[in-house]
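*Asks:* My structure is stored as entry-v6.csv, with CSV, C-alpha atoms and all ligand atoms.
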```csv
chain,number,residue,atom,x,y,z
A,434,MET,CA,52.7,156.4,175.4
A,435,ARG,CA,55.7,158.5,176.4
A,436,ILE,CA,56.0,162.1,175.3
A,437,LEU,CA,59.5,163.7,175.5
A,438,ASN,CA,60.0,167.4,174.9
A,439,LEU,CA,63.6,167.4,173.5
A,440,THR,CA,63.8,171.2,173.2
A,441,ASP,CA,66.6,172.8,175.2
A,442,PRO,CA,65.1,176.0,176.6
A,443,LYS,CA,68.6,177.4,177.2
A,444,ARG,CA,69.7,177.4,173.6
A,445,MET,CA,69.9,180.8,171.9
A,446,SER,CA,68.3,179.8,168.6
A,447,TYR,CA,64.6,180.6,168.3
A,448,SER,CA,63.0,177.2,168.1
A,449,SER,CA,59.7,175.6,168.8
A,450,ASN,CA,59.2,172.6,171.0
A,451,CYS,CA,60.2,169.3,169.5
A,452,PHE,CA,58.3,166.3,170.9
A,453,LEU,CA,59.2,162.7,170.5
A,454,ILE,CA,56.4,160.3,171.0
A,455,LEU,CA,57.4,156.8,172.0
A,456,GLY,CA,55.5,153.6,173.1
A,457,ASP,CA,55.5,152.6,176.7
A,458,TRP,CA,57.7,149.6,176.2
A,459,ASN,CA,59.7,150.4,173.0
A,460,GLY,CA,57.8,147.6,171.3
A,461,MET,CA,58.8,146.5,167.8
A,462,GLU,CA,55.5,147.7,166.4
A,463,ASP,CA,55.8,151.3,167.9
A,464,ILE,CA,56.1,154.2,165.5
A,465,ASN,CA,58.6,156.7,167.0
A,466,THR,CA,57.3,160.1,165.9
A,467,LEU,CA,58.6,163.6,166.1
A,468,VAL,CA,56.0,166.3,166.3
A,469,ASP,CA,57.8,169.4,164.8
A,470,VAL,CA,61.6,169.4,164.6
A,471,GLY,CA,62.4,172.9,165.6
A,472,ASN,CA,65.2,175.2,164.4
A,473,ASP,CA,68.0,174.1,166.7
A,474,PRO,CA,70.6,171.7,165.1
A,475,SER,CA,71.6,170.3,168.5
A,476,ILE,CA,68.2,168.5,168.6
A,477,VAL,CA,69.9,165.7,166.7
A,478,GLU,CA,72.1,164.8,169.7
A,479,ARG,CA,69.2,164.8,172.1
A,480,ILE,CA,67.1,162.5,169.7
A,481,LEU,CA,70.1,160.1,169.5
A,482,ALA,CA,70.3,160.1,173.3
A,483,ALA,CA,66.6,159.5,173.8
A,484,PRO,CA,65.5,156.1,175.1
A,485,THR,CA,64.1,154.8,171.8
A,486,GLY,CA,65.2,151.2,172.5
A,487,VAL,CA,66.6,148.8,170.0
A,488,GLY,CA,64.7,147.3,167.1
A,489,THR,CA,62.6,150.3,166.2
A,490,LYS,CA,63.7,153.1,163.9
A,491,THR,CA,64.9,156.1,166.1
A,492,VAL,CA,62.6,158.4,164.2
A,493,GLU,CA,60.2,156.7,161.8
A,494,GLN,CA,58.0,159.6,161.0
A,495,VAL,CA,57.8,163.4,161.4
A,496,ILE,CA,54.5,165.2,161.7
A,497,LEU,CA,54.8,169.0,161.2
A,498,THR,CA,52.1,171.2,162.8
A,499,HIS,CA,52.7,173.9,160.2
A,500,HIS,CA,55.5,175.2,157.9
A,501,HIS,CA,57.0,178.1,160.0
A,502,VAL,CA,60.8,177.9,160.2
A,503,ASP,CA,61.0,177.8,164.0
A,504,HIS,CA,59.1,174.5,163.7
A,505,THR,CA,60.7,173.1,160.6
A,506,GLY,CA,64.2,174.7,160.2
A,507,VAL,CA,66.3,171.6,160.9
A,508,LEU,CA,64.2,169.3,158.8
A,509,PRO,CA,66.9,168.7,156.2
A,510,ARG,CA,69.3,167.6,158.9
A,511,ILE,CA,66.6,165.3,160.5
A,512,ARG,CA,66.0,163.8,157.1
A,513,TYR,CA,69.7,163.2,156.5
A,514,VAL,CA,70.3,161.6,159.9
A,515,PHE,CA,67.1,159.6,160.5
A,516,ASP,CA,65.5,159.3,157.0
A,517,PRO,CA,61.9,159.5,158.4
A,518,VAL,CA,58.6,159.8,156.5
A,519,VAL,CA,57.6,163.5,156.7
A,520,TYR,CA,54.0,164.7,156.8
A,521,ALA,CA,52.7,168.3,156.6
A,522,GLN,CA,49.4,169.9,155.5
A,523,SER,CA,51.0,172.1,152.8
A,524,ARG,CA,53.5,171.4,150.1
A,525,PHE,CA,55.6,174.4,151.2
A,526,ILE,CA,58.3,172.3,152.9
A,527,GLU,CA,58.0,169.4,150.4
A,528,PRO,CA,56.7,166.7,152.8
A,529,ASP,CA,56.6,163.1,151.6
A,530,PHE,CA,52.8,163.1,152.2
A,531,ILE,CA,50.2,165.8,152.6
A,532,LEU,CA,48.2,165.6,155.9
A,533,GLU,CA,44.4,165.3,155.4
A,534,ASP,CA,41.8,166.5,158.0
A,535,GLY,CA,40.5,163.4,159.8
A,536,GLN,CA,43.4,161.2,158.9
A,537,HIS,CA,44.5,158.7,161.6
A,538,PHE,CA,48.1,157.9,162.5
A,539,LYS,CA,49.9,155.6,164.9
A,540,CYS,CA,52.4,157.6,167.0
A,541,GLY,CA,54.4,155.6,169.5
A,542,ASP,CA,51.8,153.0,170.6
A,543,ARG,CA,48.7,155.2,170.3
A,544,ALA,CA,46.3,156.3,167.5
A,545,PHE,CA,46.1,160.0,166.7
A,546,GLU,CA,43.7,162.0,164.6
A,547,VAL,CA,44.7,165.0,162.4
A,548,ILE,CA,42.5,168.1,162.8
A,549,HIS,CA,43.0,171.0,160.4
A,550,THR,CA,42.9,174.2,162.3
A,551,PRO,CA,43.6,177.2,160.0
A,552,GLY,CA,44.1,180.5,161.8
A,553,HIS,CA,47.7,180.9,162.9
A,554,SER,CA,48.6,179.7,159.4
A,555,ALA,CA,46.5,178.2,156.6
A,556,ASP,CA,48.3,174.8,157.0
A,557,SER,CA,48.1,174.6,160.8
A,558,ILE,CA,47.0,171.2,162.2
A,559,CYS,CA,46.4,169.7,165.6
A,560,LEU,CA,47.0,166.1,166.6
A,561,TYR,CA,44.6,164.4,169.0
A,562,CYS,CA,44.9,161.1,170.9
A,563,GLN,CA,41.5,160.0,172.2
A,564,THR,CA,42.8,157.3,174.5
A,565,ASP,CA,44.9,159.7,176.6
A,566,GLY,CA,43.0,163.0,175.8
A,567,VAL,CA,46.3,164.4,174.5
A,568,LEU,CA,46.3,167.3,172.0
A,569,PHE,CA,49.3,168.8,170.2
A,570,VAL,CA,48.4,172.2,168.9
A,571,GLY,CA,51.6,173.7,167.4
A,572,ASP,CA,50.9,177.4,167.3
A,573,THR,CA,47.1,177.1,166.9
A,574,PRO,CA,45.9,179.8,169.3
A,575,VAL,CA,43.7,177.8,171.7
A,576,ILE,CA,44.1,180.2,174.6
A,577,ILE,CA,42.2,183.3,173.6
A,578,ARG,CA,41.3,186.0,176.1
A,579,ALA,CA,40.8,189.0,173.9
A,580,THR,CA,37.2,189.8,172.8
A,581,ASP,CA,38.0,192.9,170.7
A,582,ALA,CA,38.7,191.4,167.2
A,583,PRO,CA,36.5,189.1,165.1
A,584,TYR,CA,37.7,185.6,164.1
A,585,ASP,CA,37.5,183.8,160.8
A,586,ALA,CA,34.6,181.3,160.6
A,587,ARG,CA,37.0,178.4,159.6
A,588,PHE,CA,39.0,178.8,162.8
A,589,VAL,CA,35.8,179.1,165.0
A,590,HIS,CA,34.6,175.8,163.4
A,591,ALA,CA,37.9,174.1,164.1
A,592,LEU,CA,37.9,175.3,167.7
A,593,GLU,CA,34.3,174.0,168.1
A,594,ARG,CA,35.5,170.6,167.0
A,595,LEU,CA,38.4,170.6,169.5
A,596,CYS,CA,35.9,171.6,172.3
A,597,ARG,CA,33.8,168.5,171.5
A,598,LYS,CA,36.8,166.3,172.2
A,599,ASP,CA,37.8,164.9,175.6
A,600,VAL,CA,41.0,166.9,175.9
A,601,ARG,CA,43.0,166.4,179.1
A,602,ALA,CA,46.4,167.7,178.2
A,603,ILE,CA,47.6,170.3,175.6
A,604,TYR,CA,51.1,170.3,174.2
A,605,PHE,CA,52.0,173.7,172.7
A,606,GLY,CA,54.5,174.6,170.1
A,607,HIS,CA,56.1,177.0,172.6
A,608,GLY,CA,56.2,176.9,176.4
A,609,ASP,CA,54.9,174.4,178.9
A,610,SER,CA,52.0,172.0,178.5
A,611,ILE,CA,48.7,172.1,180.3
A,612,THR,CA,47.7,168.9,182.1
A,613,VAL,CA,44.9,170.4,184.3
A,614,GLY,CA,41.6,171.9,183.1
A,615,ALA,CA,42.6,171.7,179.4
A,616,ASN,CA,38.9,171.3,178.3
A,617,ILE,CA,37.9,174.3,180.4
A,618,VAL,CA,40.6,176.4,178.7
A,619,LEU,CA,39.4,175.4,175.2
A,620,ASN,CA,35.7,176.2,176.0
A,621,GLU,CA,36.6,179.6,177.6
A,622,SER,CA,38.5,180.5,174.4
A,623,LEU,CA,35.6,179.5,172.3
A,624,GLU,CA,33.2,181.6,174.4
A,625,ASN,CA,35.6,184.6,174.1
A,626,ILE,CA,35.7,184.2,170.3
A,627,ARG,CA,31.9,184.0,170.0
A,628,ARG,CA,31.7,187.2,172.1
A,629,ALA,CA,34.3,188.9,169.9
A,630,ASN,CA,32.4,187.9,166.7
A,631,ARG,CA,29.1,189.2,168.2
A,632,ILE,CA,30.8,192.5,169.0
A,633,GLY,CA,32.4,192.5,165.5
A,634,GLU,CA,29.1,192.0,163.6
A,635,PRO,CA,27.6,195.5,164.0
A,636,ARG,CA,31.0,197.0,163.0
A,637,ALA,CA,31.2,194.9,159.8
A,638,SER,CA,27.6,195.6,158.8
A,639,ALA,CA,28.0,199.4,159.4
A,640,THR,CA,31.0,199.3,157.1
A,641,ARG,CA,29.0,197.5,154.4
A,642,ALA,CA,26.2,200.0,154.7
A,643,ARG,CA,28.6,202.9,154.3
A,644,ASN,CA,30.2,201.3,151.2
A,645,GLU,CA,26.7,200.8,149.7
A,646,LEU,CA,25.7,204.4,150.4
A,647,ALA,CA,28.9,205.6,148.7
A,648,GLY,CA,28.1,203.4,145.7
A,649,SER,CA,31.4,201.5,146.3
A,650,GLN,CA,31.8,198.0,145.1
A,651,THR,CA,34.5,197.3,147.7
A,652,TYR,CA,33.6,195.2,150.7
A,653,GLU,CA,35.7,194.4,153.6
A,654,SER,CA,36.9,190.8,153.3
A,655,SER,CA,36.4,188.8,156.5
A,656,LYS,CA,39.4,189.0,158.6
A,657,ILE,CA,41.7,186.0,159.3
A,658,SER,CA,43.1,186.4,162.8
A,659,GLN,CA,46.8,186.1,163.2
A,660,VAL,CA,47.5,185.5,166.9
B,701,ZN,ZN,54.1,179.5,163.7
```
Just give me the structure of the file as structure tokens.

*Replies:*
Amino acid sequence: MRILNLTDPKRMSYSSNCFLILGDWNGMEDINTLVDVGNDPSIVERILAAPTGVGTKTVEQVILTHHHVDHTGVLPRIRYVFDPVVYAQSRFIEPDFILEDGQHFKCGDRAFEVIHTPGHSADSICLYCQTDGVLFVGDTPVIIRATDAPYDARFVHALERLCRKDVRAIYFGHGDSITVGANIVLNESLENIRRANRIGEPRASATRARNELAGSQTYESSKISQV
């Protein structure tokens, strides 16, 4: 598997990383895959210049980590030029198919698994390749150092699942990837979240007690963290 980050960091438009996953040898059976398309129209030129070989479709499928415009803005242009099959977790950007948690895909010459990770947005997903220990996270906040705000149980559960994987490299929606100590980073984040939720518990129960004393029927809904 080859992973190319086609994003031009010098461009002015606010855009996510756009990764092109290719097979090692541009085999006929490889599935050339974009993970996010970004918001920079010049990405099309760089995709056309990428070493995708002959025989395979330049972009056969697009997998979107979530619907935010910096990750999906040029999707109409990508569709027009490359005519790929588009996958996303929500219907917001009208994908061809909805991604399901646990679904498996071939990307390049490798198998990937979809892991639903709600937190940054309700439709956030990660893509995991067990063979190489590669994890694409989009904007899912997997580096968490703060311990001062409670996190939603669904996100904690998703991070626990990521921590059980053998993750050796993390590719983010923005910035550089991590290729050393990726599993350690995930586990430290989970520990910080658990600490934050333990600290948050007395505060939440005190609020409930106050509401009950006041005869109020309003309860604080659990907080979904936006990082
Ligand atoms: Zn986002």

*Asks:* All residues within 9 Å of ligand ZN 701 (chain B) are required, counting only C-alpha atoms and all ligand atoms; please report them as a PyMOL selection string.

*Replies:* chain A and resi 449+498-504+553-554+557+571-573+606

*Asks:* Between A:Leu619, A:Ala483, A:Val519, A:Ala629, which is the closest to A:Tyr584 once you count all atoms listed in the file?

*Replies:*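 Selected residue with least distance to A:Tyr584: A:Ala629.
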
*Asks:* Show me, as a list in words, the residues that have an atom within 8 Å of stretch 534-547 of chain A when counting only C-alpha atoms, minus same-chain residues fewer than 2 positions from it.

*Replies:*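 These residues fall inside the cut-off: Met434, Arg435, Ile454, Leu455, Gly456, Asp457, Glu462, Asp463, Ile464, Asn465, Thr466, Leu532, His549, Ile558, Cys559, Leu560, Tyr561, Cys562, Gln563 and Thr564 of chain A.
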
*Asks:* Take the residues from that selection and put them in a file with C-alpha atoms, as a tab-separated table (two decimals), in the frame of the given file.

*Replies:*
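Okay, this is what ended up in part_3.tsv:
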```tsv
chain	number	residue	atom	x	y	z
A	434	MET	CA	52.70	156.40	175.40
A	435	ARG	CA	55.70	158.50	176.40
A	454	ILE	CA	56.40	160.30	171.00
A	455	LEU	CA	57.40	156.80	172.00
A	456	GLY	CA	55.50	153.60	173.10
A	457	ASP	CA	55.50	152.60	176.70
A	462	GLU	CA	55.50	147.70	166.40
A	463	ASP	CA	55.80	151.30	167.90
A	464	ILE	CA	56.10	154.20	165.50
A	465	ASN	CA	58.60	156.70	167.00
A	466	THR	CA	57.30	160.10	165.90
A	532	LEU	CA	48.20	165.60	155.90
A	549	HIS	CA	43.00	171.00	160.40
A	558	ILE	CA	47.00	171.20	162.20
A	559	CYS	CA	46.40	169.70	165.60
A	560	LEU	CA	47.00	166.10	166.60
A	561	TYR	CA	44.60	164.40	169.00
A	562	CYS	CA	44.90	161.10	170.90
A	563	GLN	CA	41.50	160.00	172.20
A	564	THR	CA	42.80	157.30	174.50
```

*Asks:* Using only C-alpha atoms, which protein or nucleic acid residues come within 7 Å of A:Val468? Drop anything in the same chain fewer than 3 positions from it, and give the result as an mmCIF file with C-alpha atoms, keeping the file's coordinate frame.

*Replies:*
```
data_model
loop_
_atom_site.group_PDB
_atom_site.id
_atom_site.type_symbol
_atom_site.label_atom_id
_atom_site.label_comp_id
_atom_site.auth_asym_id
_atom_site.auth_seq_id
_atom_site.Cartn_x
_atom_site.Cartn_y
_atom_site.Cartn_z
ATOM 1 C CA CYS A 451 60.200 169.300 169.500
ATOM 2 C CA PHE A 452 58.300 166.300 170.900
ATOM 3 C CA LEU A 453 59.200 162.700 170.500
ATOM 4 C CA VAL A 495 57.800 163.400 161.400
ATOM 5 C CA ILE A 496 54.500 165.200 161.700
ATOM 6 C CA LEU A 497 54.800 169.000 161.200
#
```

*Asks:* Between A:Arg479, A:Arg444, A:Arg587, A:Lys598, single out the one closest to A:Pro551, counting all atoms listed in the file.

*Replies:*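 Going through A:Arg479, A:Arg444, A:Arg587, A:Lys598 one by one, the smallest distance to A:Pro551 is for A:Arg587.
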
*Asks:* Rounded to one decimal place, report the atom CA of A:Asp441-atom CA of A:Ile476 distance in Å.

*Replies:*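 Pair atom CA of A:Asp441 / atom CA of A:Ile476 returns 8.0 Å.
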
*Asks:* Which residue, A:Val567, A:His590, A:Pro474, A:Gly552, has the smallest gap to A:Phe605 when you use only C-alpha atoms?

*Replies:*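 Closest to A:Phe605 of all the choices is A:Val567.
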
*Asks:* For a test of reading the model, state the distance in Å between atom CA of A:Ala555 and atom CA of A:Cys596, rounded to one decimal.

*Replies:* 20.1 Å

*Asks:* Excluding A:Ser448 and any residue of its chain fewer than 5 positions from it, enumerate the residues within 9 Å of it, using all atoms listed in the file, and give them as a CSV table (one decimal) with C-alpha atoms, in the frame of the given file.

*Replies:*
```
chain,number,residue,atom,x,y,z
A,440,THR,CA,63.8,171.2,173.2
A,442,PRO,CA,65.1,176.0,176.6
A,470,VAL,CA,61.6,169.4,164.6
A,471,GLY,CA,62.4,172.9,165.6
A,472,ASN,CA,65.2,175.2,164.4
A,473,ASP,CA,68.0,174.1,166.7
A,502,VAL,CA,60.8,177.9,160.2
A,503,ASP,CA,61.0,177.8,164.0
A,504,HIS,CA,59.1,174.5,163.7
A,505,THR,CA,60.7,173.1,160.6
A,506,GLY,CA,64.2,174.7,160.2
A,607,HIS,CA,56.1,177.0,172.6
```

*Asks:* Which one is closest to A:Glu624: A:Ile611, A:Ala521, A:Val589, A:Leu595? Count all atoms listed in the file.

*Replies:*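 Looking at the shortest contact to A:Glu624, the residue is A:Val589.
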